[in-house]
Structures are given as structure tokens and as C-alpha cells.
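> final13.csv (CSV, C-alpha atoms) pasted underneath:
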chain,number,residue,atom,x,y,z
A,1202,MET,CA,66.9,17.0,28.1
A,1203,GLU,CA,64.3,19.7,28.7
A,1204,ILE,CA,60.9,18.4,29.6
A,1205,VAL,CA,57.7,19.9,28.2
A,1206,LEU,CA,55.1,19.7,30.9
A,1207,LEU,CA,51.6,19.0,29.6
A,1208,VAL,CA,48.6,21.0,30.9
A,1209,ILE,CA,45.5,19.2,32.0
A,1210,ALA,CA,42.5,20.1,34.0
A,1211,LEU,CA,41.3,18.7,37.3
A,1212,VAL,CA,38.1,16.7,37.2
A,1213,LEU,CA,35.2,18.0,39.3
A,1214,THR,CA,36.2,15.9,42.3
A,1215,GLY,CA,39.6,17.5,42.3
A,1216,ILE,CA,41.4,14.2,41.5
A,1217,PHE,CA,43.5,13.9,38.4
A,1218,ALA,CA,42.7,11.2,35.9
A,1219,ARG,CA,44.8,8.2,36.9
A,1220,ARG,CA,45.9,7.6,33.3
A,1221,TYR,CA,47.4,11.1,33.0
A,1222,TYR,CA,49.0,10.9,36.4
A,1223,ILE,CA,51.0,7.8,35.4
A,1224,SER,CA,51.8,9.3,32.0
A,1225,PHE,CA,53.2,12.4,33.8
A,1226,LEU,CA,55.4,10.3,36.0
A,1227,ARG,CA,56.8,8.2,33.2
A,1228,HIS,CA,57.3,10.9,30.6
A,1229,GLY,CA,57.2,14.3,32.4
A,1230,LEU,CA,59.1,13.6,35.6
A,1231,ARG,CA,61.6,11.0,34.7
A,1232,LYS,CA,64.6,12.7,33.2
A,1233,GLU,CA,66.9,10.2,31.5
A,1234,LYS,CA,69.6,10.4,34.2
A,1235,ALA,CA,67.0,9.4,36.8
A,1236,VAL,CA,65.5,6.6,34.8
A,1237,HIS,CA,68.5,5.1,33.0
A,1238,GLU,CA,71.2,5.6,35.6
A,1239,GLN,CA,74.6,5.8,34.1
A,1240,GLN,CA,77.6,3.9,35.6
A,1241,LYS,CA,80.0,6.4,37.0
A,1242,ALA,CA,82.2,4.1,39.0
A,1243,ALA,CA,84.3,1.3,37.4
A,1244,PRO,CA,82.4,-2.0,37.0
A,1245,ARG,CA,82.8,-4.2,40.1
A,1246,LEU,CA,84.4,-7.1,38.2
A,1247,GLN,CA,86.2,-6.8,34.9
A,1248,GLN,CA,87.1,-3.1,34.3
A,1249,ALA,CA,87.9,-3.1,30.6
A,1250,PRO,CA,87.8,-5.4,27.6
A,1251,GLN,CA,90.6,-7.9,27.7
A,1252,THR,CA,90.8,-9.0,24.1
A,1253,THR,CA,91.6,-6.8,21.0
A,1254,GLU,CA,88.3,-8.0,19.4
A,1255,ALA,CA,86.2,-6.9,22.4
A,1256,LYS,CA,88.0,-3.6,22.7
A,1257,VAL,CA,87.3,-2.7,19.1
A,1258,LEU,CA,83.6,-3.8,19.3
A,1259,TYR,CA,83.1,-2.0,22.6
A,1260,SER,CA,84.6,1.2,21.2
A,1261,GLN,CA,82.3,1.0,18.2
A,1262,ALA,CA,79.3,0.3,20.4
A,1263,MET,CA,80.0,3.4,22.5
A,1264,THR,CA,80.3,5.6,19.5
A,1265,TYR,CA,76.9,4.3,18.2
A,1266,PHE,CA,75.4,4.6,21.8
A,1267,GLU,CA,76.4,8.3,22.0
A,1268,ARG,CA,74.9,9.0,18.6
A,1269,GLY,CA,71.7,7.3,19.6
A,1270,GLU,CA,72.1,4.6,17.0
A,1271,LEU,CA,70.9,2.0,19.5
A,1272,ASP,CA,70.4,-1.0,17.1
A,1273,GLU,CA,74.0,-0.8,16.0
A,1274,ALA,CA,75.3,-0.3,19.6
A,1275,GLU,CA,73.1,-3.3,20.7
A,1276,ALA,CA,74.5,-5.6,18.1
A,1277,ARG,CA,78.1,-4.9,19.0
A,1278,LEU,CA,77.5,-5.1,22.8
A,1279,ILE,CA,75.9,-8.5,22.4
A,1280,GLU,CA,79.1,-9.6,20.7
A,1281,VAL,CA,81.2,-8.1,23.5
A,1282,THR,CA,79.2,-9.8,26.2
A,1283,THR,CA,79.4,-13.1,24.3
A,1284,ILE,CA,83.2,-12.8,24.1
A,1285,GLU,CA,83.7,-11.5,27.7
A,1286,LYS,CA,80.8,-12.4,30.0
A,1287,ASP,CA,82.3,-10.7,33.0
A,1288,PHE,CA,82.7,-7.3,31.5
A,1289,ASN,CA,80.0,-5.6,33.5
A,1290,ASP,CA,80.0,-2.2,31.8
A,1291,ALA,CA,79.1,-3.8,28.4
A,1292,GLY,CA,76.2,-5.6,30.0
A,1293,HIS,CA,75.1,-2.3,31.8
A,1294,LYS,CA,75.1,-0.4,28.5
A,1295,LEU,CA,73.1,-3.2,26.8
A,1296,GLY,CA,70.6,-3.0,29.6
A,1297,LEU,CA,70.3,0.7,29.2
A,1298,ILE,CA,69.6,0.2,25.5
A,1299,TYR,CA,66.8,-2.2,26.3
A,1300,LEU,CA,65.3,0.4,28.7
A,1301,LYS,CA,65.5,3.1,26.0
A,1302,LYS,CA,63.9,0.8,23.4
A,1303,GLY,CA,61.1,-0.3,25.8
A,1304,GLU,CA,62.3,-3.9,25.8
A,1305,PHE,CA,61.8,-4.2,29.5
A,1306,GLY,CA,61.9,-8.0,29.8
A,1307,LYS,CA,65.3,-8.0,28.2
A,1308,ALA,CA,66.5,-5.2,30.4
A,1309,GLU,CA,65.2,-7.1,33.5
A,1310,GLU,CA,67.2,-10.2,32.4
A,1311,ILE,CA,70.4,-8.2,32.0
A,1312,PHE,CA,70.1,-6.3,35.2
A,1313,LYS,CA,69.3,-9.4,37.2
A,1314,GLN,CA,72.5,-10.9,35.9
A,1315,LEU,CA,74.4,-7.8,36.9
A,1316,VAL,CA,73.1,-7.6,40.5
A,1317,LEU,CA,74.1,-11.2,41.0
A,1318,ARG,CA,77.7,-10.3,40.0
A,1319,ALA,CA,77.8,-7.0,41.7
A,1320,GLU,CA,75.3,-7.1,44.6
A,1321,ASP,CA,76.6,-3.8,46.1
A,1322,ASP,CA,76.0,-1.7,42.9
A,1323,ALA,CA,73.1,0.7,43.6
A,1324,ILE,CA,72.8,1.7,39.9
A,1325,TYR,CA,72.2,-1.9,38.8
A,1326,HIS,CA,69.4,-2.4,41.4
A,1327,SER,CA,67.8,0.9,40.5
A,1328,ASN,CA,67.7,0.1,36.8
A,1329,LEU,CA,66.4,-3.3,37.6
A,1330,GLY,CA,63.6,-1.6,39.5
A,1331,ARG,CA,62.8,0.5,36.4
A,1332,ALA,CA,62.6,-2.6,34.2
A,1333,LEU,CA,60.3,-4.3,36.7
A,1334,TYR,CA,58.2,-1.2,37.2
A,1335,GLU,CA,57.5,-0.8,33.5
A,1336,GLN,CA,56.2,-4.4,33.4
A,1337,GLU,CA,53.9,-3.6,36.3
A,1338,LYS,CA,55.8,-6.0,38.6
A,1339,PHE,CA,55.4,-3.5,41.4
A,1340,GLN,CA,56.3,-5.6,44.4
A,1341,GLU,CA,59.5,-6.8,42.8
A,1342,ALA,CA,60.3,-3.3,41.6
A,1343,LEU,CA,59.9,-2.0,45.2
A,1344,GLY,CA,62.4,-4.4,46.5
A,1345,SER,CA,65.0,-3.3,43.9
A,1346,TYR,CA,64.4,0.4,44.5
A,1347,LEU,CA,64.7,0.0,48.3
A,1348,LYS,CA,67.9,-2.0,47.8
A,1349,SER,CA,69.3,0.8,45.6
A,1350,ILE,CA,68.5,3.4,48.3
A,1351,GLU,CA,70.0,1.2,51.0
A,1352,LEU,CA,73.2,1.1,49.0
A,1353,ASP,CA,73.2,4.8,48.1
A,1354,ASP,CA,70.6,7.2,49.4
A,1355,SER,CA,72.1,10.3,47.8
A,1356,ARG,CA,70.0,10.3,44.6
A,1357,PRO,CA,66.5,11.9,45.0
A,1358,GLY,CA,65.2,10.2,41.8
A,1359,ARG,CA,65.3,6.8,43.5
A,1360,PHE,CA,63.0,8.1,46.3
A,1361,VAL,CA,60.5,9.4,43.7
A,1362,SER,CA,60.5,6.1,41.9
A,1363,THR,CA,60.0,4.3,45.1
A,1364,ALA,CA,57.2,6.7,46.1
A,1365,GLU,CA,55.4,5.9,42.8
A,1366,VAL,CA,55.6,2.2,43.5
A,1367,TYR,CA,54.2,2.7,47.0
A,1368,ARG,CA,51.4,4.8,45.5
A,1369,LEU,CA,50.5,2.1,43.1
A,1370,LEU,CA,50.6,-0.5,45.8
A,1371,GLY,CA,48.2,1.6,47.9
A,1372,ASP,CA,50.6,2.6,50.7
A,1373,LYS,CA,50.0,6.4,50.7
A,1374,GLU,CA,51.9,7.0,54.0
A,1375,LYS,CA,55.2,5.4,52.7
A,1376,ALA,CA,54.7,7.1,49.3
A,1377,GLN,CA,54.5,10.5,51.0
A,1378,ASP,CA,57.5,9.7,53.1
A,1379,MET,CA,59.5,8.9,50.0
A,1380,TYR,CA,58.4,12.1,48.2
A,1381,LYS,CA,59.5,14.2,51.1
A,1382,LYS,CA,62.9,12.5,51.3
A,1383,ALA,CA,63.4,13.3,47.6
A,1384,LEU,CA,62.5,16.9,48.2
A,1385,ASN,CA,64.8,17.1,51.2
A,1386,LEU,CA,67.6,16.2,48.9
A,1387,ASP,CA,66.5,18.4,46.0
A,1388,PRO,CA,64.0,21.0,47.4
A,1389,SER,CA,63.9,23.1,44.2
A,1390,ASN,CA,63.2,20.4,41.7
A,1391,ILE,CA,60.2,21.5,39.8
A,1392,GLU,CA,59.2,18.0,38.6
A,1393,TYR,CA,59.4,16.6,42.1
A,1394,LEU,CA,57.3,19.4,43.5
A,1395,LEU,CA,54.6,19.0,40.8
A,1396,THR,CA,54.6,15.2,41.2
A,1397,PHE,CA,54.1,15.5,45.0
A,1398,ALA,CA,51.3,18.1,44.4
A,1399,HIS,CA,49.6,15.6,42.0
A,1400,PHE,CA,49.8,12.9,44.7
A,1401,LEU,CA,48.3,15.3,47.3
A,1402,ILE,CA,45.5,16.3,45.0
A,1403,GLU,CA,44.7,12.7,44.2
A,1404,ASP,CA,44.5,12.2,48.0
A,1405,GLU,CA,42.2,15.3,48.3
A,1406,ARG,CA,44.7,17.1,50.5
A,1407,TYR,CA,44.3,20.4,48.6
A,1408,ALA,CA,45.8,22.8,51.2
A,1409,LYS,CA,49.1,20.9,51.2
A,1410,ALA,CA,49.0,20.6,47.4
A,1411,ARG,CA,48.6,24.4,47.2
A,1412,PHE,CA,51.6,24.8,49.5
A,1413,TYR,CA,53.9,22.9,47.1
A,1414,LEU,CA,52.4,24.5,44.1
A,1415,GLU,CA,53.2,27.9,45.6
A,1416,LYS,CA,56.8,26.7,45.9
A,1417,VAL,CA,56.8,25.9,42.2
A,1418,LEU,CA,55.5,29.3,41.3
A,1419,LYS,CA,58.1,31.1,43.4
A,1420,LEU,CA,60.8,29.2,41.4
A,1421,GLN,CA,59.0,29.4,38.1
A,1422,PRO,CA,56.1,32.0,38.0
A,1423,ASP,CA,55.0,31.1,34.5
A,1424,ASN,CA,54.9,27.3,35.0
A,1425,LYS,CA,51.7,26.4,33.1
A,1426,MET,CA,50.9,23.2,34.9
A,1427,ALA,CA,51.2,24.8,38.3
A,1428,LEU,CA,49.1,27.8,37.3
A,1429,GLU,CA,46.4,25.5,35.9
A,1430,MET,CA,46.4,23.3,39.0
A,1431,MET,CA,46.2,26.4,41.3
A,1432,LYS,CA,43.3,27.7,39.2
A,1433,ASP,CA,41.2,24.6,39.4
A,1434,ILE,CA,42.2,23.2,42.8
A,1435,LYS,CA,39.6,23.0,45.6
A,1436,GLU,CA,39.8,25.4,48.5
Just dump the structure as C-alpha cells.

Amino acid sequence: MEIVLLVIALVLTGIFARRYYISFLRHGLRKEKAVHEQQKAAPRLQQAPQTTEAKVLYSQAMTYFERGELDEAEARLIEVTTIEKDFNDAGHKLGLIYLKKGEFGKAEEIFKQLVLRAEDDAIYHSNLGRALYEQEKFQEALGSYLKSIELDDSRPGRFVSTAEVYRLLGDKEKAQDMYKKALNLDPSNIEYLLTFAHFLIEDERYAKARFYLEKVLKLQPDNKMALEMMKDIKE
């Protein structure tokens, strides 16, 4: 699960290239647990497969899922959800597979069905937000992320995801507020600190960016990205 942070230079204006910034957020920041949120609690409706056939298929699907054999897991989960439509955990795992495979339209469809059946499940709303975000349906994604925070505000990754949506929608003030809330929950998270520094540099607030980069370097003195940003940042 370790993330290799890419090193890039600042352009002369001190603002990072937008293309890299988005790439950093999608691939550098977003650890799997933050992006594909796993279901820790029991599903809100049916808690386990009810038929022998579904139990066997679901067990096989989970084995393939853990191995990363997503096509095999997907095929069996589709069978399970056909047999037992109210078995939420099978649908949830199927949605996660579609997120992992980049089939975001299919993931959106799955998670929309799940939030209709379990409206108070923050994880379903968060993963729906991810599916919508990846399709650049930012306004809809914002609604899903905000709902997930309303239901459970203990996970900093949700605040970072929401901050990115606000940034893309041009609401810098709300984006900053969300970044800060994430850091209040997890102040030593290197990825969050770097992401917020990126945001501040993009907004030409170099002194504040330096403050957060110094935090990174106190935690990780050899962090290549932070060192490069500190070297090239405007005074």
C-alpha cells in the first residue's frame, strides 16, 4: 500500500500544472482504503447469503477478491446478486470491483441502488461520490461526499475528497475548510499535508504552503516532493 510520490517542478509562476495536480490526487494521495471504503459494519438489510448456492458463490467470490482476481470475483458476485437482490454486502463488493477496474458508470449504478436500500450508510455514499467524481460529475459527487460526512465525520479521507471537489468547482474557501478538517483529524498524514500545500501553491499562498511543507519535513526530512517544492517555491 506504500505510495511512491512523484517529483515535479513548479512552473515560473509558482503554480503547479493542473494535469499533474489532479494526477497526484487520484494516484498519489488516495490510498485504497480512502478511495474504496470497505464495509466494516454488517449490511443494513440482509446480513448473509440465505441459500446454499449463494453461500458457495459468495465464498468463492471473496477468495478471488482477496487474491485480486477481479474478473472471477465479479462473475460470481453478479450471480449472487441475481439470486439474492437484498444481500447488500455482495453488491458493495461488486461496486468496489468496478471502482478498482475503472468501470465508474457501473459502480455508480451499484452504489445508487445501495444508498436507496441503506440511506444511512456513509460508506455507500462515499463510494458513490468516488464513482461520480471519476466521471467528472462533480456537483453530484459533492452531494454524495457531504452526505457521507453528515453520517460519519470521523474519516479524514472524506474531507480531502470533498475538498478536491470544491476545488474543481471553484470554491476555494470551502475547499480550504475541508482540507483543514482532514488535517485536524489526521495532522501527521504526509499525503494530506502535501495535497494542501499543492492547493495553497496553486492559489499563490506561498508562505502558508511553506508552513505545511515544513511540517512534512519535520515528519519526513528526506521527502523528495516536499524538498523539491521548498526549493522552487516563491518567497
> Which residue gives the smallest distance to Glu1337 (chain A) among A:Glu1270, A:Glu1365, A:Asp1433, A:Asp1387, with only C-alpha atoms counted?
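For Glu1337 (chain A), the nearest of the given residues is A:Glu1365.
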> Would you mind reading off the distance between CA of Gly1371 (chain A) and CA of Leu1297 (chain A), one decimal, in Å?
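According to the coordinates, CA of Gly1371 (chain A) and CA of Leu1297 (chain A) are separated by 29.0 Å.
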> Interatomic distance between CA of Ala1262 (chain A) and CA of Ala1274 (chain A)?
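Between CA of Ala1262 (chain A) and CA of Ala1274 (chain A) the gap is 4.1 Å.
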> Go through A:Gln1261, A:Gln1314, A:Gln1421, A:Asn1328 and flag the residue nearest Asn1390 (chain A), using all atoms listed in the file for the distances.
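Answer, going by the shortest atom-to-atom distance: A:Gln1421.
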> Calculate how many Å separate CA of Leu1394 (chain A) from CA of Leu1369 (chain A), rounding to one decimal.
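About the pair CA of Leu1394 (chain A) and CA of Leu1369 (chain A): they are 18.6 Å apart.
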> Select, from A:Leu1278, A:Leu1420, A:Leu1343, A:Met1263, the residue with the minimum atom-to-atom distance to Asp1372 (chain A), counting all atoms listed in the file.
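That would be A:Leu1343, the residue with the smallest distance to Asp1372 (chain A).
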> Calculated over only C-alpha atoms, which of the candidates A:Leu1329, A:Ala1291, A:Ala1427, A:Leu1384 has the smallest distance to Phe1305 (chain A)?
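For Phe1305 (chain A), the nearest of the candidates is A:Leu1329.
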> Determine, for each residue of region 1272-1391 of chain A having at least one atom at most 12 Å from an atom of region 1401-1412 of chain A, the closest pair of atoms and their separation in Å to one decimal, counting only C-alpha atoms; order by chain and ascending number, as JSON lines.

{"residue": "A:Arg1368", "atom": "CA", "partner": "A:Asp1404", "partner_atom": "CA", "distance": 10.4}
{"residue": "A:Gly1371", "atom": "CA", "partner": "A:Asp1404", "partner_atom": "CA", "distance": 11.2}
{"residue": "A:Asp1372", "atom": "CA", "partner": "A:Asp1404", "partner_atom": "CA", "distance": 11.7}
{"residue": "A:Lys1373", "atom": "CA", "partner": "A:Asp1404", "partner_atom": "CA", "distance": 8.4}
{"residue": "A:Glu1374", "atom": "CA", "partner": "A:Asp1404", "partner_atom": "CA", "distance": 10.9}
{"residue": "A:Ala1376", "atom": "CA", "partner": "A:Leu1401", "partner_atom": "CA", "distance": 10.6}
{"residue": "A:Gln1377", "atom": "CA", "partner": "A:Leu1401", "partner_atom": "CA", "distance": 8.7}
{"residue": "A:Tyr1380", "atom": "CA", "partner": "A:Leu1401", "partner_atom": "CA", "distance": 10.6}
{"residue": "A:Lys1381", "atom": "CA", "partner": "A:Leu1401", "partner_atom": "CA", "distance": 11.9}
> Which of these, A:Ala1364, A:Met1430, A:Gln1336, A:Thr1264, has the shortest distance to Asp1378 (chain A) once you count only C-alpha atoms?
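Using only C-alpha atoms, the shortest distance to Asp1378 (chain A) belongs to A:Ala1364.
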> For region 1358-1360 of chain A, list every protein, DNA or RNA residue within 12 Å, evaluated using all atoms listed in the file, and leave out those in the same chain fewer than 5 positions away; present the list as a count of residues only.
51
> Using only C-alpha atoms, can you tell me which of A:Ser1389, A:Thr1282, A:Gln1340, A:Asn1424 comes closest to Thr1252 (chain A)?
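Looking only at the distances to Thr1252 (chain A), the closest residue turns out to be A:Thr1282.
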> Counting all atoms listed in the file, note down every residue that has an atom within 12 Å of the point (75.8, -13.6, 36.0) (file coordinates), as JSON, numbers by chain.
{"A": [1246, 1282, 1285, 1286, 1287, 1288, 1289, 1292, 1310, 1311, 1312, 1313, 1314, 1315, 1316, 1317, 1318, 1319, 1320]}
> Env of Glu1273 (chain A): 12 Å cut, atoms = all atoms listed in the file, seq-sep filter 6 positions within chain, self excluded. Answer as a ChimeraX atom specification.
/A:1258-1267,1279-1280,1295,1298
> Please identify all polymer residues within 9 Å of Lys1307 (chain A), counting all atoms listed in the file, omitting same-chain residues fewer than 6 positions from it, and present them as a count of residues only.
4
